[in-house]
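One file, query00.cif, carrying mmCIF, C-alpha atoms:
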data_input
loop_
_atom_site.label_atom_id
_atom_site.label_comp_id
_atom_site.auth_asym_id
_atom_site.auth_seq_id
_atom_site.Cartn_x
_atom_site.Cartn_y
_atom_site.Cartn_z
CA MET A 13 72.57 108.36 112.67
CA LYS A 14 73.75 109.76 109.33
CA ILE A 15 77.33 111.03 109.63
CA VAL A 16 79.02 113.07 106.91
CA LEU A 17 82.83 113.27 106.76
CA TYR A 18 83.97 116.09 104.51
CA SER A 19 87.39 116.93 103.07
CA ASN A 20 88.47 118.72 99.92
CA ARG A 21 92.16 117.91 100.43
CA HIS A 22 92.38 114.37 101.77
CA ARG A 23 91.99 111.29 99.61
CA ALA A 24 89.06 108.92 99.93
CA ASP A 25 91.40 106.27 101.37
CA ASP A 26 92.99 108.59 103.94
CA ASN A 27 93.76 106.57 107.06
CA ARG A 28 92.32 109.03 109.56
CA VAL A 29 89.18 109.96 107.61
CA VAL A 30 88.24 106.44 106.53
CA GLU A 31 89.94 103.85 108.74
CA LEU A 32 89.76 105.66 112.09
CA GLU A 33 86.37 107.30 111.69
CA ALA A 34 84.25 106.16 108.74
CA VAL A 35 84.88 102.42 109.01
CA HIS A 36 84.49 102.38 112.77
CA LEU A 37 81.23 104.35 112.74
CA ALA A 38 79.80 102.28 109.87
CA GLU A 39 80.58 99.07 111.76
CA HIS A 40 78.49 100.43 114.63
CA GLY A 41 75.47 100.71 112.37
CA HIS A 42 75.63 104.36 111.38
CA GLN A 43 75.06 105.57 107.83
CA VAL A 44 78.38 107.12 106.77
CA ILE A 45 78.98 109.38 103.79
CA VAL A 46 82.50 110.50 102.86
CA TYR A 47 83.25 113.42 100.58
CA ALA A 48 86.87 113.52 99.41
CA HIS A 49 88.86 114.98 96.54
CA ASN A 50 89.10 111.64 94.75
CA GLU A 51 86.89 108.56 94.49
CA GLU A 52 89.52 105.87 94.05
CA ALA A 53 88.57 104.05 97.25
CA LYS A 54 84.84 103.87 96.53
CA ALA A 55 84.79 100.15 95.80
CA LYS A 56 86.84 99.20 98.88
CA TYR A 57 84.26 100.01 101.51
CA ASP A 58 80.89 98.36 100.97
CA ASN A 59 79.27 99.99 104.00
CA ILE A 60 80.43 103.54 103.24
CA VAL A 61 79.25 105.84 100.47
CA ILE A 62 82.04 107.96 98.97
CA TYR A 63 81.49 110.98 96.74
CA GLN A 64 83.69 113.50 95.00
CA CYS A 65 83.68 116.79 96.91
CA GLU A 66 83.11 120.10 95.17
CA ASN A 67 85.90 122.59 94.51
CA LYS A 68 84.24 125.87 95.44
CA THR A 69 83.15 126.63 99.00
CA LYS A 70 79.64 127.63 97.99
CA ASP A 71 79.22 124.36 96.08
CA CYS A 72 80.54 122.46 99.11
CA PHE A 73 77.87 124.16 101.21
CA HIS A 74 75.08 123.07 98.88
CA GLN A 75 76.54 119.56 98.77
CA CYS A 76 76.56 119.34 102.56
CA MET A 77 73.00 120.64 102.86
CA ALA A 78 71.80 118.13 100.28
CA ALA A 79 73.43 115.29 102.25
CA ASN A 80 71.10 116.13 105.16
CA GLY A 81 73.36 114.55 107.76
CA ASP A 82 72.72 114.35 111.48
CA LEU A 83 76.33 115.25 112.15
CA TYR A 84 79.21 116.62 110.02
CA ILE A 85 82.95 116.25 110.63
CA PHE A 86 85.22 118.56 108.61
CA HIS A 87 88.85 117.57 108.09
CA ASP A 88 90.49 120.66 106.59
CA PRO A 89 91.17 124.06 108.18
CA GLY A 90 90.13 125.69 104.90
CA LEU A 91 86.59 124.42 105.54
CA LEU A 92 86.15 126.13 108.91
CA SER A 93 84.03 128.96 107.49
CA LEU A 94 81.81 126.35 105.80
CA ALA A 95 81.44 124.45 109.06
CA VAL A 96 80.42 127.62 110.91
CA LYS A 97 77.89 128.48 108.19
CA LEU A 98 76.32 125.02 108.43
CA GLN A 99 76.27 125.19 112.22
CA LYS A 100 74.30 128.44 112.00
CA LYS A 101 71.84 126.61 109.75
CA GLY A 102 71.12 124.22 112.59
CA LYS A 103 73.52 121.41 111.65
CA VAL A 104 75.75 119.66 114.19
CA CYS A 105 79.31 120.30 112.98
CA LEU A 106 82.72 119.26 114.31
CA PHE A 107 86.24 120.05 113.19
CA ASP A 108 88.90 117.33 113.13
CA SER A 109 92.28 119.02 113.60
CA HIS A 110 94.91 116.70 112.13
CA GLU A 111 97.81 118.94 113.13
CA ASN A 112 98.86 121.94 115.18
CA TYR A 113 98.26 124.39 112.34
CA GLU A 114 99.70 127.36 114.21
CA GLU A 115 103.07 125.61 114.45
CA LYS A 116 102.81 124.28 110.91
CA LEU A 117 102.36 127.79 109.55
CA LYS A 118 105.60 128.91 111.21
CA SER A 119 107.40 126.29 109.13
CA ARG A 120 105.45 126.75 105.92
CA ILE A 121 105.61 130.54 105.58
CA PRO A 122 109.43 130.84 105.19
CA ARG A 123 109.39 128.03 102.62
CA LYS A 124 106.41 129.22 100.58
CA PHE A 125 106.57 132.98 101.17
CA PRO A 126 110.18 133.96 102.04
CA LEU A 127 109.42 137.68 102.20
CA LEU A 128 106.93 137.03 104.99
CA ALA A 129 109.36 134.96 107.07
CA PRO A 130 110.06 137.77 109.62
CA PHE A 131 106.33 137.91 110.35
CA LYS A 132 105.67 134.17 110.61
CA GLY A 133 104.96 134.30 114.34
CA ILE A 134 102.41 137.09 113.99
CA ILE A 135 100.70 135.44 111.02
CA ALA A 136 100.54 132.09 112.81
CA LYS A 137 99.06 133.71 115.91
CA LEU A 138 96.44 135.51 113.80
CA TRP A 139 95.55 132.17 112.22
CA TRP A 140 95.15 130.57 115.64
CA MET A 141 92.82 133.38 116.73
CA TYR A 142 90.70 132.78 113.61
CA GLU A 143 90.78 128.98 114.04
CA HIS A 144 89.82 129.21 117.70
CA HIS A 145 87.02 131.68 116.94
CA CYS A 146 85.53 129.35 114.30
CA VAL A 147 85.92 126.14 116.26
CA SER A 148 84.39 127.68 119.38
CA GLN A 149 81.15 128.11 117.42
CA LEU A 150 80.95 124.42 116.48
CA SER A 151 79.41 121.57 118.45
CA GLY A 152 82.73 119.85 119.09
CA ARG A 153 86.28 119.20 117.97
CA ILE A 154 88.47 116.17 117.46
CA CYS A 155 92.28 116.38 117.66
CA ALA A 156 95.16 114.09 116.75
CA ASP A 157 97.45 115.04 119.64
CA ARG A 158 97.20 116.34 123.18
CA THR A 159 98.87 119.71 122.50
CA VAL A 160 95.93 120.76 120.34
CA VAL A 161 93.46 119.32 122.85
CA GLU A 162 95.02 121.55 125.50
CA LYS A 163 94.77 124.58 123.20
CA TYR A 164 91.09 123.96 122.45
CA GLY A 165 90.09 123.10 126.01
CA ASP A 166 86.67 121.66 126.87
CA ARG A 167 84.48 119.60 124.51
CA THR A 168 87.52 118.21 122.69
CA PHE A 169 88.03 114.53 121.85
CA LEU A 170 91.53 113.08 121.51
CA LEU A 171 91.78 110.64 118.58
CA PRO A 172 95.46 109.80 117.95
CA ASN A 173 96.65 108.42 114.62
CA MET A 174 97.12 104.89 115.90
CA PRO A 175 96.40 101.71 113.92
CA SER A 176 93.49 99.39 114.56
CA ARG A 177 93.89 95.77 115.59
CA GLU A 178 92.78 94.82 112.08
CA PHE A 179 95.99 96.41 110.79
CA PHE A 180 98.43 94.51 113.01
CA GLY A 181 96.42 91.55 114.28
CA ASN A 182 97.41 88.87 111.75
CA LEU A 183 100.78 89.78 110.29
CA PRO A 184 102.03 88.19 107.07
CA GLN A 185 105.04 85.88 107.27
CA ARG A 186 108.37 87.72 107.31
CA VAL A 187 110.82 86.91 104.52
CA VAL A 188 114.22 86.71 106.26
CA ARG A 189 117.16 88.11 104.29
CA GLU A 190 120.66 87.81 105.66
CA ASP A 191 122.27 89.71 102.78
CA VAL A 192 120.67 93.11 103.38
CA HIS A 193 119.63 95.39 106.24
CA THR A 194 116.44 97.22 105.31
CA LEU A 195 115.30 100.60 106.55
CA ILE A 196 111.81 101.71 105.58
CA TYR A 197 110.25 105.14 105.09
CA VAL A 198 106.47 105.29 104.76
CA GLY A 199 104.26 108.33 104.23
CA THR A 200 103.99 111.59 102.36
CA ILE A 201 107.39 112.49 100.94
CA THR A 202 108.63 116.03 101.57
CA TRP A 203 112.01 117.65 102.10
CA ASP A 204 111.35 118.26 105.80
CA ARG A 205 110.57 114.65 106.72
CA GLY A 206 114.15 113.42 106.60
CA ILE A 207 114.06 111.29 103.47
CA ILE A 208 117.21 112.87 101.97
CA GLU A 209 119.07 112.66 105.28
CA ALA A 210 118.23 108.95 105.49
CA ALA A 211 119.28 108.31 101.89
CA GLU A 212 122.60 110.08 102.43
CA ALA A 213 123.21 108.37 105.77
CA ILE A 214 123.07 104.84 104.37
CA GLN A 215 125.85 105.80 101.97
CA LEU A 216 128.06 106.53 105.01
CA CYS A 217 127.29 103.37 106.97
CA THR A 218 130.20 100.98 107.59
CA HIS A 219 127.82 98.19 106.57
CA SER A 220 127.66 98.17 102.78
CA ASN A 221 124.47 96.12 102.55
CA VAL A 222 122.05 98.75 103.91
CA GLN A 223 118.95 99.47 101.83
CA LEU A 224 116.23 102.11 102.14
CA GLN A 225 112.72 101.18 101.01
CA VAL A 226 110.59 104.24 100.25
CA ILE A 227 106.80 103.94 100.26
CA GLY A 228 104.75 107.02 99.50
CA ASP A 229 104.38 109.71 96.92
CA THR A 230 105.26 113.33 96.29
CA LYS A 231 104.18 116.11 93.97
CA ASP A 232 107.75 117.42 93.98
CA GLU A 233 109.42 115.93 90.90
CA GLU A 234 112.82 117.38 91.85
CA LEU A 235 112.66 115.60 95.22
CA LYS A 236 111.54 112.37 93.60
CA LYS A 237 114.44 112.41 91.12
CA ARG A 238 116.88 113.18 93.93
CA ILE A 239 115.69 110.23 96.01
CA GLN A 240 115.77 107.84 93.06
CA SER A 241 119.34 108.88 92.26
CA TYR A 242 120.80 107.34 95.42
CA PRO A 243 122.26 103.82 95.39
CA ASN A 244 120.49 101.29 97.58
CA VAL A 245 117.26 103.29 97.65
CA VAL A 246 114.16 101.48 96.35
CA TRP A 247 111.22 103.64 95.28
CA ASN A 248 107.91 101.77 95.69
CA GLY A 249 105.43 104.58 95.20
CA ARG A 250 102.11 104.66 97.03
CA VAL A 251 100.89 101.44 98.69
CA ALA A 252 97.33 100.95 99.91
CA TRP A 253 97.02 101.10 103.70
CA ARG A 254 95.54 97.61 103.89
CA ASN A 255 98.57 96.18 102.03
CA LEU A 256 101.19 98.07 104.00
CA THR A 257 102.01 95.36 106.52
CA ASN A 258 103.34 93.17 103.68
CA HIS A 259 106.18 95.68 103.31
CA LEU A 260 106.64 96.58 106.98
CA VAL A 261 107.24 93.02 108.20
CA ASN A 262 110.14 92.61 105.78
CA ALA A 263 111.99 95.70 107.02
CA ASP A 264 114.49 95.83 109.88
CA ILE A 265 114.22 99.45 111.03
CA GLY A 266 111.48 102.07 110.61
CA ILE A 267 112.56 105.69 110.28
CA VAL A 268 110.81 108.84 111.48
CA LEU A 269 113.42 111.53 110.85
CA LEU A 270 111.24 114.64 110.96
CA GLN A 271 113.39 117.73 110.62
CA PRO A 272 113.67 120.35 113.42
CA THR A 273 111.00 122.76 112.22
CA GLU A 274 108.13 124.26 114.20
CA ALA A 275 105.71 121.93 112.41
CA TYR A 276 107.35 118.86 113.95
CA TYR A 277 109.55 119.86 116.89
CA TYR A 278 106.56 120.18 119.25
CA CYS A 279 105.25 116.66 118.45
CA PRO A 280 104.35 114.51 121.45
CA GLY A 281 103.97 111.49 119.15
CA GLU A 282 100.24 110.75 118.98
CA ASN A 283 99.72 112.31 115.55
CA ILE A 284 102.64 110.56 113.77
CA VAL A 285 100.84 107.81 111.85
CA LYS A 286 103.90 105.84 110.77
CA LEU A 287 105.44 105.78 114.24
CA TRP A 288 102.58 103.63 115.55
CA GLU A 289 102.33 101.53 112.39
CA TYR A 290 106.02 100.64 112.68
CA MET A 291 105.60 99.81 116.35
CA SER A 292 102.50 97.72 115.73
CA VAL A 293 104.40 95.23 113.56
CA GLY A 294 107.41 95.08 115.89
CA LEU A 295 109.79 97.34 113.99
CA PRO A 296 112.45 99.15 116.04
CA ILE A 297 112.47 102.84 115.13
CA LEU A 298 115.10 105.49 114.46
CA ILE A 299 113.35 108.71 115.46
CA SER A 300 114.09 112.43 115.73
CA ASP A 301 115.50 113.52 119.07
CA PHE A 302 112.79 116.06 119.94
CA PRO A 303 111.67 116.58 123.57
CA GLY A 304 108.23 114.99 123.21
CA LEU A 305 109.47 112.07 121.11
CA ARG A 306 112.43 111.48 123.42
CA LYS A 307 110.06 111.36 126.40
CA LEU A 308 107.81 108.88 124.60
CA ASN A 309 110.77 106.66 123.75
CA ASP A 310 112.05 106.85 127.32
CA GLU A 311 108.65 105.53 128.44
CA LEU A 312 108.18 102.79 125.84
CA HIS A 313 111.77 101.95 124.74
CA PHE A 314 110.81 101.30 121.11
CA GLY A 315 113.92 102.63 119.35
CA CYS A 316 116.78 105.09 119.21
CA THR A 317 116.66 108.88 119.04
CA VAL A 318 119.03 110.79 116.80
CA LYS A 319 119.70 114.34 115.67
CA PRO A 320 117.64 114.21 112.45
CA ASP A 321 119.66 116.74 110.42
CA ASP A 322 123.07 115.21 111.20
CA VAL A 323 123.75 112.66 108.46
CA GLN A 324 126.89 111.29 110.08
CA GLU A 325 125.16 110.77 113.42
CA ILE A 326 122.28 109.01 111.65
CA ALA A 327 124.74 106.70 109.87
CA LYS A 328 126.50 105.85 113.16
CA GLN A 329 123.17 105.09 114.82
CA ILE A 330 122.12 102.82 111.95
CA ASP A 331 125.44 100.95 112.26
CA TRP A 332 124.90 100.60 116.01
CA MET A 333 121.41 99.17 115.51
CA ILE A 334 122.73 96.67 112.97
CA ASP A 335 125.56 95.65 115.33
CA HIS A 336 123.23 95.11 118.30
CA PRO A 337 120.47 92.82 116.97
CA ASP A 338 119.34 91.55 120.39
CA ALA A 339 118.85 95.04 121.82
CA VAL A 340 117.08 96.17 118.67
CA LYS A 341 114.83 93.12 118.64
CA GLN A 342 113.79 93.97 122.19
CA MET A 343 112.95 97.53 121.09
CA GLY A 344 110.66 96.13 118.41
CA GLU A 345 108.96 93.80 120.89
CA ASN A 346 108.49 96.67 123.36
CA GLY A 347 106.81 98.78 120.69
CA ARG A 348 104.45 96.05 119.53
CA LYS A 349 103.48 95.19 123.10
CA ALA A 350 102.72 98.87 123.83
CA VAL A 351 100.44 99.15 120.78
CA ILE A 352 98.63 95.88 121.47
CA GLU A 353 97.96 96.79 125.09
CA ASN A 354 97.42 100.55 125.08
CA TYR A 355 98.30 102.52 121.97
CA ASN A 356 95.77 101.28 119.42
CA ALA A 357 92.81 102.90 117.70
CA GLU A 358 90.19 100.86 119.56
CA ASN A 359 91.19 102.40 122.88
CA TYR A 360 89.94 105.71 121.48
CA THR A 361 87.37 104.94 118.79
CA ASN A 362 85.28 102.94 121.25
CA SER A 363 84.51 106.28 122.96
CA LEU A 364 84.11 108.27 119.73
CA GLU A 365 80.49 107.28 119.12
CA LYS A 366 79.51 108.32 122.65
CA TYR A 367 81.22 111.68 122.16
CA LEU A 368 79.43 112.34 118.85
CA ILE A 369 76.06 111.51 120.39
CA SER A 370 76.79 113.91 123.25
CA CYS A 371 77.50 116.65 120.69
CA ILE A 372 74.10 116.05 119.05
CA ASP A 373 72.31 115.98 122.41
CA GLU A 374 73.96 119.18 123.54
CA CYS A 375 73.09 120.93 120.29
CA SER A 376 69.45 119.85 120.54
CA GLU A 377 69.20 121.40 124.01
CA LEU A 378 70.26 124.85 122.79
#

Take the structure from the file and write it as structure tokens.
Amino acid sequence: MKIVLYSNRHRADDNRVVELEAVHLAEHGHQVIVYAHNEEAKAKYDNIVIYQCENKTKDCFHQCMAANGDLYIFHDPGLLSLAVKLQKKGKVCLFDSHENYEEKLKSRIPRKFPLLAPFKGIIAKLWWMYEHHCVSQLSGRICADRTVVEKYGDRTFLLPNMPSREFFGNLPQRVVREDVHTLIYVGTITWDRGIIEAAEAIQLCTHSNVQLQVIGDTKDEELKKRIQSYPNVVWNGRVAWRNLTNHLVNADIGIVLLQPTEAYYYCPGENIVKLWEYMSVGLPILISDFPGLRKLNDELHFGCTVKPDDVQEIAKQIDWMIDHPDAVKQMGENGRKAVIENYNAENYTNSLEKYLISCIDECSEL
């Protein structure tokens, strides 16, 4: 089966596009072609062909038709109209929804278009109506968390952003440092993901030897300069996914301090990539006290919840975690055990191939 994964926004080494889907499907003998907006990862995957995607929708359409795939998976909401057009041409097309875009719009509109803020709910609802209309015409849909699965209904496959056993199976040796307590932030760096709150909190900790390691990148130069201005904050830039465990094992606490916006407040946890990566290497986690995340932590006991926009509360919680090493170590062990036993990519990707084949079979019957 020739499978085409298409994105004009995600990188060619995106964890979900490549590691969760492309690599897994290629290992099962399928011919996999990835179109992304950069080609930097081309040499890293011998069994996957990676191309630069086109910029204009009409050029993307011609590119997809020329690929002549048996099945197409689109990874950006901006490509929904393209997916529908291809479906009408007889192709088997699926949409992979990385996020709850209706909720994300409610957060994005006030920030990007302040004058439209009073109408954010209406605009987001109109988007959902459009998204649902398009997706309902496709052969299937893949979602990163259960809230979107519930919105889409039937013919929807849940594929959480959880790491594979390859990621956490053989961990590098930890370098023990008694002179510093290290927090780590990994992922895309934006104002609403709690990076500033974390940087300010470590300045208020009673422990003076607290350090924040930042791994990721941002297009916001003002934010980058602000982060780099704080004492005890180490900027590492972007690190390849396959090298990430070298940094994670040398940290003491992972942070997921998403701010209380509509884009994040609803989160049940499955779609937060770094949450599961931290857990997989045994890192205890300081996480936002949102209903879904609190429920998940109550079930798995992997860390501590905290009000993510309260810098003083964050600082107090960091101090508590440093002062209670045995309890925190147990949190880390609980998280790693949960990922090894249940919350890993293989528990979902092993059913992905069967789902894709069912989409092709159903389409051929129409």

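Checking A:Ser300, A:Asn309, A:Asn20, A:Ser176 one by one against A:Leu32, counting only C-alpha atoms, you find the shortest gap at A:Ser176.
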
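Remark: for A:Gln149, the closest of the candidate residues A:Arg23, A:Lys137, A:His49, A:Lys103 is A:Lys103 (distances computed over only C-alpha atoms).
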
Measuring atom to atom with only C-alpha atoms, identify which of A:His42, A:Arg28, A:Arg177, A:Lys101 is nearest to A:Val351.
->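 Under the stated criterion, the closest residue is A:Arg177.
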
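Between A:Asp322 and the residues A:Gln223, A:Asn354, A:Ser19, A:Gln271, the shortest atom-to-atom distance, using only C-alpha atoms, involves A:Gln271.
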
Considering only C-alpha atoms, return as number ranges by chain whatever protein or nucleic-acid residues lie within 12 Å of A:Gly152, sequence-local ones (same chain, fewer than 6 positions apart) excluded.
-> A: 83-86, 95-96, 99, 103-109, 144, 146, 161, 164-170, 364, 367-375

Take the residues that were just selected and, keeping C-alpha atoms, output them as a PDB file, in the coordinates of the input.
ATOM      1  CA  LEU A  83      76.330 115.250 112.150  1.00  0.00           C
ATOM      2  CA  TYR A  84      79.210 116.620 110.020  1.00  0.00           C
ATOM      3  CA  ILE A  85      82.950 116.250 110.630  1.00  0.00           C
ATOM      4  CA  PHE A  86      85.220 118.560 108.610  1.00  0.00           C
ATOM      5  CA  ALA A  95      81.440 124.450 109.060  1.00  0.00           C
ATOM      6  CA  VAL A  96      80.420 127.620 110.910  1.00  0.00           C
ATOM      7  CA  GLN A  99      76.270 125.190 112.220  1.00  0.00           C
ATOM      8  CA  LYS A 103      73.520 121.410 111.650  1.00  0.00           C
ATOM      9  CA  VAL A 104      75.750 119.660 114.190  1.00  0.00           C
ATOM     10  CA  CYS A 105      79.310 120.300 112.980  1.00  0.00           C
ATOM     11  CA  LEU A 106      82.720 119.260 114.310  1.00  0.00           C
ATOM     12  CA  PHE A 107      86.240 120.050 113.190  1.00  0.00           C
ATOM     13  CA  ASP A 108      88.900 117.330 113.130  1.00  0.00           C
ATOM     14  CA  SER A 109      92.280 119.020 113.600  1.00  0.00           C
ATOM     15  CA  HIS A 144      89.820 129.210 117.700  1.00  0.00           C
ATOM     16  CA  CYS A 146      85.530 129.350 114.300  1.00  0.00           C
ATOM     17  CA  VAL A 161      93.460 119.320 122.850  1.00  0.00           C
ATOM     18  CA  TYR A 164      91.090 123.960 122.450  1.00  0.00           C
ATOM     19  CA  GLY A 165      90.090 123.100 126.010  1.00  0.00           C
ATOM     20  CA  ASP A 166      86.670 121.660 126.870  1.00  0.00           C
ATOM     21  CA  ARG A 167      84.480 119.600 124.510  1.00  0.00           C
ATOM     22  CA  THR A 168      87.520 118.210 122.690  1.00  0.00           C
ATOM     23  CA  PHE A 169      88.030 114.530 121.850  1.00  0.00           C
ATOM     24  CA  LEU A 170      91.530 113.080 121.510  1.00  0.00           C
ATOM     25  CA  LEU A 364      84.110 108.270 119.730  1.00  0.00           C
ATOM     26  CA  TYR A 367      81.220 111.680 122.160  1.00  0.00           C
ATOM     27  CA  LEU A 368      79.430 112.340 118.850  1.00  0.00           C
ATOM     28  CA  ILE A 369      76.060 111.510 120.390  1.00  0.00           C
ATOM     29  CA  SER A 370      76.790 113.910 123.250  1.00  0.00           C
ATOM     30  CA  CYS A 371      77.500 116.650 120.690  1.00  0.00           C
ATOM     31  CA  ILE A 372      74.100 116.050 119.050  1.00  0.00           C
ATOM     32  CA  ASP A 373      72.310 115.980 122.410  1.00  0.00           C
ATOM     33  CA  GLU A 374      73.960 119.180 123.540  1.00  0.00           C
ATOM     34  CA  CYS A 375      73.090 120.930 120.290  1.00  0.00           C
TER      35      CYS A 375
END

Give as a PyMOL selection string the residues that the PyMOL selection byres ((chain A and resi 285-298) around 9) matches when applied to the coordinates above.
-> chain A and resi 27-28+172-175+177+179-181+183+197-199+257+260-261+263-269+281-284+299-300+314-318+326+329-330+333+340-352+355-356

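Closest approach to A:Glu212 among A:Pro130, A:Pro243, A:Gly81, A:Pro280 is made by A:Pro243 (distances from all atoms listed in the file).
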
Would you please work out which residue, of A:Val226, A:Val61, A:Val44, A:Ala34, is nearest to A:Met13 when using only C-alpha atoms?
-> A:Val44

Chain and number of each residue from the PyMOL selection byres ((chain A and resi 222) around 10), as a JSON list (two decimals) with C-alpha atoms, in the coordinates of the input:
[["chain", "number", "residue", "atom", "x", "y", "z"],
["A", 191, "ASP", "CA", 122.27, 89.71, 102.78],
["A", 192, "VAL", "CA", 120.67, 93.11, 103.38],
["A", 193, "HIS", "CA", 119.63, 95.39, 106.24],
["A", 194, "THR", "CA", 116.44, 97.22, 105.31],
["A", 195, "LEU", "CA", 115.30, 100.60, 106.55],
["A", 213, "ALA", "CA", 123.21, 108.37, 105.77],
["A", 214, "ILE", "CA", 123.07, 104.84, 104.37],
["A", 215, "GLN", "CA", 125.85, 105.80, 101.97],
["A", 216, "LEU", "CA", 128.06, 106.53, 105.01],
["A", 217, "CYS", "CA", 127.29, 103.37, 106.97],
["A", 218, "THR", "CA", 130.20, 100.98, 107.59],
["A", 219, "HIS", "CA", 127.82, 98.19, 106.57],
["A", 220, "SER", "CA", 127.66, 98.17, 102.78],
["A", 221, "ASN", "CA", 124.47, 96.12, 102.55],
["A", 223, "GLN", "CA", 118.95, 99.47, 101.83],
["A", 224, "LEU", "CA", 116.23, 102.11, 102.14],
["A", 243, "PRO", "CA", 122.26, 103.82, 95.39],
["A", 244, "ASN", "CA", 120.49, 101.29, 97.58],
["A", 245, "VAL", "CA", 117.26, 103.29, 97.65],
["A", 330, "ILE", "CA", 122.12, 102.82, 111.95],
["A", 331, "ASP", "CA", 125.44, 100.95, 112.26],
["A", 334, "ILE", "CA", 122.73, 96.67, 112.97]]

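Reported to one decimal place, the separation of atom CA of A:Glu234 from atom CA of A:Ile208 is 11.9 Å.
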
Neighbours of A:Asp321 within 8 Å (only C-alpha atoms; same-chain residues fewer than 5 positions away dropped), as a list in words?
->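 The contact residues come out as Gly206, Glu209, Gln271 and Pro272 of chain A.
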
Within 12 Å of (76.1, 124.2, 100.3) (coordinates as in the file), grab all the protein and nucleic acid residues, counting all atoms listed in the file, and write them out as a PDB file with C-alpha atoms, in the coordinates of the input.
ATOM      1  CA  CYS A  65      83.680 116.790  96.910  1.00  0.00           C
ATOM      2  CA  GLU A  66      83.110 120.100  95.170  1.00  0.00           C
ATOM      3  CA  ASN A  67      85.900 122.590  94.510  1.00  0.00           C
ATOM      4  CA  LYS A  68      84.240 125.870  95.440  1.00  0.00           C
ATOM      5  CA  THR A  69      83.150 126.630  99.000  1.00  0.00           C
ATOM      6  CA  LYS A  70      79.640 127.630  97.990  1.00  0.00           C
ATOM      7  CA  ASP A  71      79.220 124.360  96.080  1.00  0.00           C
ATOM      8  CA  CYS A  72      80.540 122.460  99.110  1.00  0.00           C
ATOM      9  CA  PHE A  73      77.870 124.160 101.210  1.00  0.00           C
ATOM     10  CA  HIS A  74      75.080 123.070  98.880  1.00  0.00           C
ATOM     11  CA  GLN A  75      76.540 119.560  98.770  1.00  0.00           C
ATOM     12  CA  CYS A  76      76.560 119.340 102.560  1.00  0.00           C
ATOM     13  CA  MET A  77      73.000 120.640 102.860  1.00  0.00           C
ATOM     14  CA  ALA A  78      71.800 118.130 100.280  1.00  0.00           C
ATOM     15  CA  ALA A  79      73.430 115.290 102.250  1.00  0.00           C
ATOM     16  CA  ASN A  80      71.100 116.130 105.160  1.00  0.00           C
ATOM     17  CA  LEU A  91      86.590 124.420 105.540  1.00  0.00           C
ATOM     18  CA  SER A  93      84.030 128.960 107.490  1.00  0.00           C
ATOM     19  CA  LEU A  94      81.810 126.350 105.800  1.00  0.00           C
ATOM     20  CA  ALA A  95      81.440 124.450 109.060  1.00  0.00           C
ATOM     21  CA  VAL A  96      80.420 127.620 110.910  1.00  0.00           C
ATOM     22  CA  LYS A  97      77.890 128.480 108.190  1.00  0.00           C
ATOM     23  CA  LEU A  98      76.320 125.020 108.430  1.00  0.00           C
ATOM     24  CA  GLN A  99      76.270 125.190 112.220  1.00  0.00           C
ATOM     25  CA  LYS A 101      71.840 126.610 109.750  1.00  0.00           C
ATOM     26  CA  LYS A 103      73.520 121.410 111.650  1.00  0.00           C
TER      27      LYS A 103
END

I'd like a table as a tab-separated table: residues in stretch 215-303 of chain A with an atom no more than 10 Å from stretch 113-127 of chain A, each row giving the shortest atom pair and its distance in Å to one decimal, all atoms listed in the file counted, sorted by chain and rising residue number.
residue	atom	partner	partner_atom	distance
A:Pro272	CA	A:Ser119	CA	9.6
A:Thr273	CA	A:Ser119	CA	5.9
A:Glu274	CA	A:Glu115	CA	5.2
A:Ala275	CA	A:Lys116	CA	4.0
A:Tyr276	CA	A:Lys116	CA	7.7
A:Tyr277	CA	A:Glu115	CA	9.0
A:Tyr278	CA	A:Glu115	CA	8.0

Can you tell me how far atom CA of A:Ala38 sits from atom CA of A:Glu365, in Å to one decimal?
->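 Between these atoms lies a distance of 10.5 Å.
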
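Across the structure, atom CA of A:Asp204 and atom CA of A:Leu235 are spaced 11.0 Å apart.
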
Which residues are near A:Arg250? Cut-off 7 Å, all atoms listed in the file, ignore same chain within fewer than 3 positions. Put them as a compact mmCIF listing (two decimals) with C-alpha atoms, in the frame of the given file.
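This is the output file result37.txt:
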# COMPACT_ATOMS: atom_id res chain seq x y z
CA ILE A 227 106.80 103.94 100.26
CA GLY A 228 104.75 107.02 99.50
CA ASP A 229 104.38 109.71 96.92

Could you please fill out stretch 356-361 of chain A with N, CA and C atoms and send it back as a PDB file, in the coordinates of the input?
ATOM      1  N   ASN A 356      96.443 101.712 120.646  1.00  0.00           N
ATOM      2  CA  ASN A 356      95.770 101.280 119.420  1.00  0.00           C
ATOM      3  C   ASN A 356      94.497 102.085 119.235  1.00  0.00           C
ATOM      4  N   ALA A 357      93.969 102.067 118.024  1.00  0.00           N
ATOM      5  CA  ALA A 357      92.810 102.900 117.700  1.00  0.00           C
ATOM      6  C   ALA A 357      91.594 102.556 118.548  1.00  0.00           C
ATOM      7  N   GLU A 358      91.394 101.281 118.831  1.00  0.00           N
ATOM      8  CA  GLU A 358      90.190 100.860 119.560  1.00  0.00           C
ATOM      9  C   GLU A 358      90.086 101.499 120.940  1.00  0.00           C
ATOM     10  N   ASN A 359      91.225 101.784 121.552  1.00  0.00           N
ATOM     11  CA  ASN A 359      91.190 102.400 122.880  1.00  0.00           C
ATOM     12  C   ASN A 359      90.618 103.812 122.845  1.00  0.00           C
ATOM     13  N   TYR A 360      90.488 104.362 121.636  1.00  0.00           N
ATOM     14  CA  TYR A 360      89.940 105.710 121.480  1.00  0.00           C
ATOM     15  C   TYR A 360      88.626 105.699 120.699  1.00  0.00           C
ATOM     16  N   THR A 361      88.578 104.927 119.621  1.00  0.00           N
ATOM     17  CA  THR A 361      87.370 104.940 118.790  1.00  0.00           C
ATOM     18  C   THR A 361      86.171 104.366 119.513  1.00  0.00           C
TER      19      THR A 361
END
